[in-house]
$ cat input.txt   # compact mmCIF, C-alpha atoms and all ligand atoms
# COMPACT_ATOMS: atom_id res chain seq x y z
CA MET A 1 27.19 -28.34 11.19
CA LYS A 2 27.12 -24.82 9.86
CA LYS A 3 26.65 -24.48 6.13
CA LYS A 4 29.25 -22.40 4.35
CA TYR A 5 27.67 -19.28 2.95
CA LYS A 6 29.84 -16.54 1.52
CA HIS A 7 27.31 -14.15 0.05
CA ILE A 8 24.48 -12.73 2.08
CA PHE A 9 21.66 -10.92 0.32
CA PHE A 10 19.40 -8.77 2.45
CA ASP A 11 16.03 -7.30 1.75
CA LEU A 12 16.01 -3.65 2.90
CA ASP A 13 12.53 -2.55 4.00
CA ASN A 14 11.40 -4.06 7.30
CA THR A 15 14.41 -6.37 7.32
CA LEU A 16 17.11 -3.78 8.13
CA TRP A 17 15.47 -0.38 7.59
CA ASP A 18 12.36 0.01 9.70
CA PHE A 19 9.85 0.82 6.99
CA LYS A 20 6.83 0.70 9.28
CA ILE A 21 8.12 3.35 11.69
CA ASN A 22 9.90 5.42 9.05
CA SER A 23 6.88 5.47 6.77
CA PHE A 24 4.64 6.46 9.69
CA PHE A 25 6.81 9.51 10.48
CA ALA A 26 7.26 10.49 6.84
CA LEU A 27 3.54 10.21 6.21
CA GLU A 28 2.74 12.20 9.33
CA LYS A 29 5.02 15.03 8.18
CA THR A 30 3.41 14.95 4.76
CA TYR A 31 -0.06 14.91 6.25
CA LEU A 32 0.69 17.90 8.48
CA ASN A 33 2.29 19.80 5.63
CA PHE A 34 -0.62 19.45 3.22
CA ILE A 35 -3.67 18.72 5.30
CA GLY A 36 -2.83 20.08 8.73
CA GLU A 37 -4.87 19.58 11.83
CA ASN A 38 -8.01 21.39 10.77
CA LYS A 39 -9.60 18.48 8.92
CA ASN A 40 -11.91 16.00 10.58
CA VAL A 41 -9.64 13.10 9.76
CA LEU A 42 -7.27 11.68 12.34
CA PHE A 43 -3.78 10.94 11.13
CA GLU A 44 -4.05 7.37 12.48
CA ASP A 45 -7.02 6.80 10.17
CA PHE A 46 -5.22 8.40 7.26
CA ASN A 47 -2.22 6.15 7.91
CA ASN A 48 -4.36 2.99 8.05
CA VAL A 49 -6.31 3.80 4.90
CA TYR A 50 -3.13 4.75 3.04
CA ASN A 51 -1.38 1.51 4.06
CA PHE A 52 -4.33 -0.54 2.90
CA HIS A 53 -4.30 1.06 -0.57
CA ASN A 54 -0.53 1.12 -0.82
CA THR A 55 -0.18 -2.60 -0.07
CA LYS A 56 -2.89 -3.49 -2.58
CA LEU A 57 -1.43 -1.28 -5.32
CA TRP A 58 2.12 -2.50 -4.71
CA LYS A 59 0.91 -6.02 -5.41
CA GLY A 60 -0.41 -4.79 -8.75
CA TYR A 61 2.88 -3.03 -9.45
CA ARG A 62 4.88 -6.18 -8.67
CA GLU A 63 2.62 -8.18 -10.94
CA LYS A 64 2.97 -5.48 -13.60
CA THR A 65 -0.75 -4.77 -13.87
CA ILE A 66 -0.16 -1.10 -12.99
CA SER A 67 2.72 1.30 -13.65
CA LYS A 68 4.82 3.16 -11.10
CA LYS A 69 3.10 6.38 -12.12
CA GLU A 70 -0.32 4.90 -11.39
CA LEU A 71 0.87 3.34 -8.14
CA VAL A 72 2.24 6.54 -6.62
CA LYS A 73 -0.74 8.61 -7.68
CA LYS A 74 -3.50 6.16 -6.81
CA ARG A 75 -2.22 5.24 -3.37
CA PHE A 76 -2.90 8.81 -2.28
CA GLN A 77 -5.88 9.51 -4.53
CA ASN A 78 -7.68 6.41 -3.23
CA THR A 79 -6.90 7.47 0.34
CA PHE A 80 -8.28 10.98 -0.28
CA ASP A 81 -11.39 9.53 -1.93
CA GLU A 82 -12.11 7.08 0.84
CA LEU A 83 -11.69 9.73 3.55
CA LYS A 84 -13.54 12.37 1.49
CA LEU A 85 -10.56 14.72 1.46
CA GLY A 86 -10.94 16.98 -1.56
CA GLY A 87 -8.54 19.40 -3.20
CA PHE A 88 -5.17 17.74 -2.61
CA ASP A 89 -2.77 16.82 -5.36
CA PRO A 90 -1.73 13.16 -5.00
CA VAL A 91 1.43 13.66 -7.07
CA SER A 92 2.82 16.50 -4.89
CA PHE A 93 1.78 14.55 -1.83
CA ASN A 94 3.73 11.54 -3.04
CA SER A 95 6.88 13.54 -3.86
CA PHE A 96 6.90 15.16 -0.43
CA TYR A 97 6.34 11.80 1.24
CA LEU A 98 9.15 10.07 -0.66
CA ASP A 99 11.49 12.91 0.15
CA GLU A 100 10.66 12.72 3.85
CA MET A 101 10.91 8.96 3.76
CA SER A 102 14.50 8.95 2.56
CA LYS A 103 15.48 11.15 5.53
CA GLN A 104 14.18 8.66 8.10
CA THR A 105 16.78 6.49 9.80
CA HIS A 106 15.13 4.04 12.19
CA LEU A 107 16.63 0.59 11.81
CA ILE A 108 15.27 -2.80 12.83
CA THR A 109 16.57 -3.86 16.25
CA GLY A 110 19.91 -5.61 15.99
CA SER A 111 20.68 -4.49 12.41
CA LEU A 112 24.02 -2.84 13.06
CA ASP A 113 25.07 -5.43 15.60
CA LEU A 114 24.44 -8.17 13.04
CA LEU A 115 26.06 -6.30 10.16
CA ASN A 116 29.22 -5.60 12.19
CA TYR A 117 29.37 -9.27 13.13
CA LEU A 118 28.96 -10.42 9.52
CA LYS A 119 31.50 -7.89 8.33
CA SER A 120 34.04 -9.16 10.84
CA LYS A 121 33.43 -12.66 9.48
CA LYS A 122 34.17 -11.42 5.95
CA TYR A 123 30.79 -12.18 4.41
CA VAL A 124 30.08 -10.32 1.20
CA MET A 125 26.80 -8.49 1.67
CA SER A 126 24.39 -7.03 -0.87
CA ILE A 127 20.85 -5.78 -0.89
CA ILE A 128 18.01 -6.93 -3.13
CA THR A 129 15.07 -4.59 -2.79
CA ASN A 130 11.76 -3.87 -4.44
CA GLY A 131 11.67 -0.12 -4.36
CA PHE A 132 12.23 3.12 -6.19
CA ARG A 133 15.71 4.15 -7.13
CA GLU A 134 15.30 7.76 -6.00
CA VAL A 135 14.53 6.62 -2.47
CA GLN A 136 16.46 3.41 -1.80
CA TYR A 137 19.96 4.86 -2.32
CA LYS A 138 19.24 7.79 -0.02
CA LYS A 139 17.76 5.54 2.65
CA LEU A 140 20.90 3.42 2.63
CA GLU A 141 23.18 6.44 2.79
CA ASN A 142 21.26 8.40 5.44
CA SER A 143 20.71 5.46 7.76
CA GLY A 144 24.40 4.50 7.87
CA LEU A 145 23.87 1.12 6.22
CA LYS A 146 25.77 1.84 3.04
CA PRO A 147 29.34 0.94 4.16
CA TYR A 148 28.33 -2.65 4.85
CA PHE A 149 27.18 -3.44 1.36
CA GLN A 150 29.01 -4.19 -1.82
CA LYS A 151 25.98 -3.49 -3.98
CA MET A 152 22.29 -2.77 -3.90
CA PHE A 153 20.00 -4.27 -6.53
CA ILE A 154 16.79 -2.33 -6.98
CA SER A 155 13.80 -3.79 -8.77
CA GLU A 156 13.07 -0.56 -10.59
CA VAL A 157 16.56 -0.63 -12.12
CA VAL A 158 16.66 -4.37 -12.82
CA LYS A 159 13.08 -4.09 -14.20
CA THR A 160 11.69 -7.22 -12.55
CA PRO A 161 10.83 -7.18 -8.87
CA LYS A 162 11.14 -10.00 -6.38
CA PRO A 163 9.81 -12.73 -6.32
CA GLY A 164 10.77 -12.92 -10.02
CA VAL A 165 13.94 -14.93 -10.62
CA GLU A 166 15.55 -12.25 -12.83
CA ILE A 167 16.54 -9.94 -9.98
CA PHE A 168 18.09 -12.79 -7.97
CA GLU A 169 19.91 -14.04 -11.05
CA HIS A 170 21.19 -10.56 -11.86
CA ALA A 171 22.36 -10.04 -8.26
CA ILE A 172 24.33 -13.25 -7.86
CA LYS A 173 25.96 -12.87 -11.28
CA SER A 174 26.95 -9.28 -10.52
CA VAL A 175 28.83 -10.23 -7.37
CA ASN A 176 30.17 -13.53 -8.76
CA ALA A 177 28.36 -15.61 -6.19
CA LYS A 178 27.47 -19.28 -6.44
CA LYS A 179 23.92 -20.28 -5.62
CA SER A 180 25.14 -22.86 -3.11
CA GLU A 181 27.09 -20.17 -1.20
CA SER A 182 24.28 -17.61 -1.18
CA LEU A 183 21.67 -16.85 1.43
CA MET A 184 18.73 -14.46 1.11
CA ILE A 185 17.27 -12.82 4.23
CA GLY A 186 13.93 -11.04 4.18
CA ASP A 187 10.70 -10.33 6.02
CA ASP A 188 8.27 -11.11 3.20
CA TRP A 189 7.34 -14.75 2.77
CA GLU A 190 6.10 -14.50 -0.82
CA VAL A 191 8.56 -11.94 -2.11
CA ASP A 192 11.84 -12.75 -0.37
CA VAL A 193 11.59 -16.35 0.78
CA ILE A 194 9.58 -17.96 -2.00
CA GLY A 195 11.42 -15.72 -4.47
CA ALA A 196 14.80 -17.03 -3.30
CA ALA A 197 13.56 -20.62 -3.06
CA GLY A 198 12.10 -20.45 -6.57
CA PHE A 199 15.45 -19.25 -7.84
CA GLY A 200 17.21 -22.02 -5.93
CA ILE A 201 19.01 -20.38 -3.03
CA ASP A 202 18.60 -20.91 0.70
CA SER A 203 16.73 -18.25 2.59
CA VAL A 204 15.90 -16.87 5.99
CA PHE A 205 12.38 -15.79 6.82
CA PHE A 206 12.64 -12.96 9.32
CA THR A 207 9.33 -12.70 11.06
CA PRO A 208 9.17 -10.72 14.28
CA GLU A 209 5.67 -12.12 14.82
CA PRO A 210 5.27 -15.89 14.70
CA TYR A 211 3.97 -16.71 11.25
CA GLU A 212 1.17 -19.21 10.72
CA SER A 213 1.13 -20.81 7.33
CA GLU A 214 0.17 -24.27 6.21
CA ASN A 215 2.30 -23.71 3.15
CA ILE A 216 5.67 -23.70 4.85
CA PRO A 217 6.41 -27.45 4.93
CA ILE A 218 4.98 -27.97 1.43
CA ILE A 219 7.06 -25.18 -0.09
CA LYS A 220 10.21 -26.58 1.52
CA ILE A 221 9.66 -29.92 -0.21
CA LYS A 222 8.74 -28.33 -3.52
CA TYR A 223 11.85 -26.18 -3.83
CA LYS A 224 14.42 -28.32 -2.00
CA THR A 225 16.23 -25.32 -0.58
CA LEU A 226 16.72 -24.61 3.11
CA ILE A 227 14.39 -22.10 4.68
CA TYR A 228 15.25 -20.89 8.16
CA THR A 229 12.90 -18.89 10.35
CA ILE A 230 14.06 -16.24 12.81
CA HIS A 231 12.18 -13.82 15.05
CA SER A 232 15.13 -11.51 15.75
CA LEU A 233 18.09 -10.56 13.52
CA ILE A 234 20.55 -11.48 16.25
CA GLN A 235 19.52 -15.13 15.88
CA LEU A 236 21.47 -15.13 12.62
CA LYS A 237 24.67 -15.23 14.62
CA ASP A 238 23.86 -18.87 15.37
CA LEU A 239 23.61 -19.66 11.68
CA LEU A 240 26.43 -17.56 10.22
MG MG A 301 10.79 -6.17 3.24

$ encode --input "input.txt" --output "structure tokens" --more "lines below"
Ligand SMILES: [Mg+2]
Amino acid sequence: MKKKYKHIFFDLDNTLWDFKINSFFALEKTYLNFIGENKNVLFEDFNNVYNFHNTKLWKGYREKTISKKELVKKRFQNTFDELKLGGFDPVSFNSFYLDEMSKQTHLITGSLDLLNYLKSKKYVMSIITNGFREVQYKKLENSGLKPYFQKMFISEVVKTPKPGVEIFEHAIKSVNAKKSESLMIGDDWEVDVIGAAGFGIDSVFFTPEPYESENIPIIKIKYKTLIYTIHSLIQLKDLL
């Protein structure tokens, strides 16, 4: 039997908006603009080193051990340092990158198909995202996703990022949703799935690659919420 959900909350990056591809292109444009091709560093290496530092620093930002200002500066400064690239301003680099990022429009396969389907079924859809306000709104607008969503809740605005309960609480109150009628869909196990489970709503773990974790069955018992796993967005049509 299908469970009756009314409110669907989506994560944005790598759930609907293809962050991996979009970030790659935005970073490449930034790299070419500031560094060009005359340095002995391949863009692929730059991209890998940047992603390593960015992921690590974002964890610190989520856990509130570093500020946004430090995050956006250090992710590039650490990349420059590691690759021995001197003389570039990490702050200008970051601004250019964020600007390019918001212009990118690649979506995860099946996004629009799924959203049209859910819209036709009258689900109320919102976004809960850990991101910066100056980028997330533009991404939504430029990629054509905006018309599907009633609201977007951004961690920077709400002040506490996922997996903290505050942002989930704020979101469901704002759209008058009941926990029992709400479903969270996201690609990050810790942030989206455990975040939603900890708050007490059912969730969908969207993992294009099969995910190996001994924690999954234990977490399910601990939180007593349903956790579904999908490998393609279109699979949600079977659930909703
Ligand atoms: Mg995500």

$ closest_residue --input "input.txt" --among "A:Ile128, A:Val175, A:Leu12, A:Leu118" --to "A:Leu240" --atoms "all atoms listed in the file"
A:Leu118

$ atom_distance --input "input.txt" --atom1 "atom CA of A:Pro163" --atom2 "atom CA of A:Gln104"
26.2 Å

$ residues_near_ligand --input "input.txt" --ligand "ligand MG 301 (chain A)" --cutoff "6 Å" --atoms "only C-alpha atoms and all ligand atoms" --output "list in words"
Asp11, Leu12, Asp13, Asn14, Thr15, Gly186, Asp187 and Asp188 of chain A

$ closest_residue --input "input.txt" --among "A:Leu27, A:Met184, A:Gly86, A:Ile194" --to "A:Lys222" --atoms "all atoms listed in the file"
A:Ile194

$ closest_residue --input "input.txt" --among "A:Leu85, A:Leu16, A:Ile66, A:Glu100" --to "A:Asn33" --atoms "only C-alpha atoms"
A:Glu100

$ atom_distance --input "input.txt" --atom1 "atom CA of A:Tyr61" --atom2 "atom CA of A:Phe132"
11.7 Å

$ atom_distance --input "input.txt" --atom1 "atom CA of A:Ser23" --atom2 "atom CA of A:Ala171"
26.6 Å

$ residues_around --input "input.txt" --residues "A:Glu82" --least-positions-apart "2" --cutoff "10 Å" --atoms "only C-alpha atoms" --output "ChimeraX atom specification"
/A:46,49-50,53,76-80,84-85

$ closest_residue --input "input.txt" --among "A:Lys64, A:Val204, A:Glu209, A:Ser182" --to "A:Glu156" --atoms "all atoms listed in the file"
A:Lys64

$ residues_around --input "input.txt" --residues "stretch 223-235 of chain A" --least-positions-apart "4" --cutoff "8 Å" --atoms "only C-alpha atoms" --output "PyMOL selection string"
chain A and resi 109-111+113-114+193+197-198+200-210+219+239

$ closest_residue --input "input.txt" --among "A:Lys68, A:Arg62, A:His170, A:Lys121" --to "A:Lys151" --atoms "all atoms listed in the file"
A:His170

$ residues_near_point --input "input.txt" --point "(15.0, 2.8, 8.7)" --cutoff "12 Å" --atoms "only C-alpha atoms" --output "MDAnalysis selection string"
chainID A and resid 12:26 100:109 111:112 135:136 138:145

$ decode --input "input.txt" --residues "stretch 158-200 of chain A" --atoms "N, CA and C atoms" --output "PDB file, in the first residue's frame"
ATOM      1  N   VAL A 158      18.183  30.271   7.323  1.00  0.00           N
ATOM      2  CA  VAL A 158      17.588  29.675   8.524  1.00  0.00           C
ATOM      3  C   VAL A 158      18.609  29.606   9.676  1.00  0.00           C
ATOM      4  N   LYS A 159      19.884  29.713   9.323  1.00  0.00           N
ATOM      5  CA  LYS A 159      20.996  29.755  10.290  1.00  0.00           C
ATOM      6  C   LYS A 159      21.549  28.397  10.701  1.00  0.00           C
ATOM      7  N   THR A 160      20.731  27.352  10.654  1.00  0.00           N
ATOM      8  CA  THR A 160      21.258  26.028  10.995  1.00  0.00           C
ATOM      9  C   THR A 160      21.127  25.105   9.788  1.00  0.00           C
ATOM     10  N   PRO A 161      22.236  24.530   9.373  1.00  0.00           N
ATOM     11  CA  PRO A 161      22.176  23.649   8.206  1.00  0.00           C
ATOM     12  C   PRO A 161      21.666  22.242   8.546  1.00  0.00           C
ATOM     13  N   LYS A 162      21.213  21.528   7.515  1.00  0.00           N
ATOM     14  CA  LYS A 162      20.966  20.108   7.681  1.00  0.00           C
ATOM     15  C   LYS A 162      22.293  19.478   8.114  1.00  0.00           C
ATOM     16  N   PRO A 163      22.374  18.468   8.930  1.00  0.00           N
ATOM     17  CA  PRO A 163      21.270  17.645   9.433  1.00  0.00           C
ATOM     18  C   PRO A 163      20.593  18.179  10.703  1.00  0.00           C
ATOM     19  N   GLY A 164      20.849  19.399  11.095  1.00  0.00           N
ATOM     20  CA  GLY A 164      20.206  19.950  12.293  1.00  0.00           C
ATOM     21  C   GLY A 164      18.689  19.949  12.149  1.00  0.00           C
ATOM     22  N   VAL A 165      17.985  19.724  13.259  1.00  0.00           N
ATOM     23  CA  VAL A 165      16.520  19.619  13.164  1.00  0.00           C
ATOM     24  C   VAL A 165      15.858  20.966  12.868  1.00  0.00           C
ATOM     25  N   GLU A 166      16.518  22.070  13.239  1.00  0.00           N
ATOM     26  CA  GLU A 166      15.889  23.392  13.115  1.00  0.00           C
ATOM     27  C   GLU A 166      15.398  23.699  11.702  1.00  0.00           C
ATOM     28  N   ILE A 167      16.205  23.375  10.711  1.00  0.00           N
ATOM     29  CA  ILE A 167      15.837  23.717   9.330  1.00  0.00           C
ATOM     30  C   ILE A 167      14.648  22.878   8.849  1.00  0.00           C
ATOM     31  N   PHE A 168      14.582  21.625   9.297  1.00  0.00           N
ATOM     32  CA  PHE A 168      13.439  20.780   8.924  1.00  0.00           C
ATOM     33  C   PHE A 168      12.173  21.294   9.627  1.00  0.00           C
ATOM     34  N   GLU A 169      12.344  21.618  10.881  1.00  0.00           N
ATOM     35  CA  GLU A 169      11.228  22.135  11.678  1.00  0.00           C
ATOM     36  C   GLU A 169      10.674  23.429  11.059  1.00  0.00           C
ATOM     37  N   HIS A 170      11.584  24.326  10.728  1.00  0.00           N
ATOM     38  CA  HIS A 170      11.208  25.598  10.126  1.00  0.00           C
ATOM     39  C   HIS A 170      10.469  25.362   8.805  1.00  0.00           C
ATOM     40  N   ALA A 171      10.978  24.433   7.997  1.00  0.00           N
ATOM     41  CA  ALA A 171      10.384  24.169   6.690  1.00  0.00           C
ATOM     42  C   ALA A 171       8.967  23.612   6.819  1.00  0.00           C
ATOM     43  N   ILE A 172       8.782  22.607   7.651  1.00  0.00           N
ATOM     44  CA  ILE A 172       7.439  22.015   7.684  1.00  0.00           C
ATOM     45  C   ILE A 172       6.413  22.963   8.325  1.00  0.00           C
ATOM     46  N   LYS A 173       6.875  23.770   9.274  1.00  0.00           N
ATOM     47  CA  LYS A 173       5.951  24.762   9.854  1.00  0.00           C
ATOM     48  C   LYS A 173       5.557  25.807   8.814  1.00  0.00           C
ATOM     49  N   SER A 174       6.531  26.243   8.034  1.00  0.00           N
ATOM     50  CA  SER A 174       6.289  27.309   7.054  1.00  0.00           C
ATOM     51  C   SER A 174       5.282  26.915   5.983  1.00  0.00           C
ATOM     52  N   VAL A 175       5.243  25.631   5.645  1.00  0.00           N
ATOM     53  CA  VAL A 175       4.283  25.215   4.612  1.00  0.00           C
ATOM     54  C   VAL A 175       3.089  24.462   5.215  1.00  0.00           C
ATOM     55  N   ASN A 176       2.945  24.552   6.535  1.00  0.00           N
ATOM     56  CA  ASN A 176       1.844  23.883   7.244  1.00  0.00           C
ATOM     57  C   ASN A 176       1.756  22.399   6.957  1.00  0.00           C
ATOM     58  N   ALA A 177       2.882  21.731   6.994  1.00  0.00           N
ATOM     59  CA  ALA A 177       2.878  20.300   6.725  1.00  0.00           C
ATOM     60  C   ALA A 177       2.871  19.529   8.036  1.00  0.00           C
ATOM     61  N   LYS A 178       2.340  18.309   7.989  1.00  0.00           N
ATOM     62  CA  LYS A 178       2.438  17.422   9.140  1.00  0.00           C
ATOM     63  C   LYS A 178       3.628  16.512   8.899  1.00  0.00           C
ATOM     64  N   LYS A 179       4.293  16.142   9.979  1.00  0.00           N
ATOM     65  CA  LYS A 179       5.435  15.239   9.835  1.00  0.00           C
ATOM     66  C   LYS A 179       5.043  13.943   9.128  1.00  0.00           C
ATOM     67  N   SER A 180       3.887  13.410   9.494  1.00  0.00           N
ATOM     68  CA  SER A 180       3.462  12.109   8.953  1.00  0.00           C
ATOM     69  C   SER A 180       3.142  12.180   7.453  1.00  0.00           C
ATOM     70  N   GLU A 181       2.933  13.388   6.933  1.00  0.00           N
ATOM     71  CA  GLU A 181       2.611  13.538   5.504  1.00  0.00           C
ATOM     72  C   GLU A 181       3.796  14.075   4.709  1.00  0.00           C
ATOM     73  N   SER A 182       4.965  14.113   5.352  1.00  0.00           N
ATOM     74  CA  SER A 182       6.135  14.723   4.717  1.00  0.00           C
ATOM     75  C   SER A 182       7.180  13.686   4.354  1.00  0.00           C
ATOM     76  N   LEU A 183       7.853  13.955   3.255  1.00  0.00           N
ATOM     77  CA  LEU A 183       8.915  13.061   2.788  1.00  0.00           C
ATOM     78  C   LEU A 183      10.090  13.912   2.312  1.00  0.00           C
ATOM     79  N   MET A 184      11.285  13.567   2.790  1.00  0.00           N
ATOM     80  CA  MET A 184      12.498  14.283   2.390  1.00  0.00           C
ATOM     81  C   MET A 184      13.283  13.429   1.404  1.00  0.00           C
ATOM     82  N   ILE A 185      13.743  14.032   0.313  1.00  0.00           N
ATOM     83  CA  ILE A 185      14.510  13.298  -0.697  1.00  0.00           C
ATOM     84  C   ILE A 185      15.878  13.957  -0.871  1.00  0.00           C
ATOM     85  N   GLY A 186      16.938  13.185  -0.714  1.00  0.00           N
ATOM     86  CA  GLY A 186      18.259  13.788  -0.875  1.00  0.00           C
ATOM     87  C   GLY A 186      19.343  12.764  -1.160  1.00  0.00           C
ATOM     88  N   ASP A 187      20.486  13.272  -1.604  1.00  0.00           N
ATOM     89  CA  ASP A 187      21.580  12.386  -2.016  1.00  0.00           C
ATOM     90  C   ASP A 187      22.634  12.200  -0.926  1.00  0.00           C
ATOM     91  N   ASP A 188      22.488  12.915   0.180  1.00  0.00           N
ATOM     92  CA  ASP A 188      23.517  12.822   1.224  1.00  0.00           C
ATOM     93  C   ASP A 188      22.969  12.054   2.431  1.00  0.00           C
ATOM     94  N   TRP A 189      23.600  10.936   2.707  1.00  0.00           N
ATOM     95  CA  TRP A 189      23.115  10.059   3.783  1.00  0.00           C
ATOM     96  C   TRP A 189      23.083  10.775   5.129  1.00  0.00           C
ATOM     97  N   GLU A 190      24.182  11.393   5.506  1.00  0.00           N
ATOM     98  CA  GLU A 190      24.266  12.051   6.816  1.00  0.00           C
ATOM     99  C   GLU A 190      23.353  13.275   6.894  1.00  0.00           C
ATOM    100  N   VAL A 191      23.455  14.096   5.862  1.00  0.00           N
ATOM    101  CA  VAL A 191      22.825  15.414   5.890  1.00  0.00           C
ATOM    102  C   VAL A 191      21.320  15.346   5.639  1.00  0.00           C
ATOM    103  N   ASP A 192      20.922  14.668   4.583  1.00  0.00           N
ATOM    104  CA  ASP A 192      19.508  14.641   4.198  1.00  0.00           C
ATOM    105  C   ASP A 192      18.733  13.523   4.904  1.00  0.00           C
ATOM    106  N   VAL A 193      19.279  12.321   4.844  1.00  0.00           N
ATOM    107  CA  VAL A 193      18.526  11.156   5.306  1.00  0.00           C
ATOM    108  C   VAL A 193      18.531  11.059   6.834  1.00  0.00           C
ATOM    109  N   ILE A 194      19.701  11.096   7.425  1.00  0.00           N
ATOM    110  CA  ILE A 194      19.777  11.044   8.883  1.00  0.00           C
ATOM    111  C   ILE A 194      19.204  12.333   9.485  1.00  0.00           C
ATOM    112  N   GLY A 195      19.378  13.436   8.780  1.00  0.00           N
ATOM    113  CA  GLY A 195      18.768  14.703   9.220  1.00  0.00           C
ATOM    114  C   GLY A 195      17.255  14.571   9.321  1.00  0.00           C
ATOM    115  N   ALA A 196      16.640  14.070   8.262  1.00  0.00           N
ATOM    116  CA  ALA A 196      15.176  13.913   8.238  1.00  0.00           C
ATOM    117  C   ALA A 196      14.726  12.877   9.264  1.00  0.00           C
ATOM    118  N   ALA A 197      15.464  11.771   9.349  1.00  0.00           N
ATOM    119  CA  ALA A 197      15.099  10.703  10.298  1.00  0.00           C
ATOM    120  C   ALA A 197      15.200  11.213  11.733  1.00  0.00           C
ATOM    121  N   GLY A 198      16.250  11.981  12.009  1.00  0.00           N
ATOM    122  CA  GLY A 198      16.434  12.528  13.354  1.00  0.00           C
ATOM    123  C   GLY A 198      15.317  13.488  13.732  1.00  0.00           C
ATOM    124  N   PHE A 199      14.788  14.160  12.730  1.00  0.00           N
ATOM    125  CA  PHE A 199      13.676  15.085  12.960  1.00  0.00           C
ATOM    126  C   PHE A 199      12.349  14.324  13.059  1.00  0.00           C
ATOM    127  N   GLY A 200      12.315  13.146  12.442  1.00  0.00           N
ATOM    128  CA  GLY A 200      11.111  12.313  12.551  1.00  0.00           C
ATOM    129  C   GLY A 200      10.254  12.265  11.305  1.00  0.00           C
TER     130      GLY A 200
END
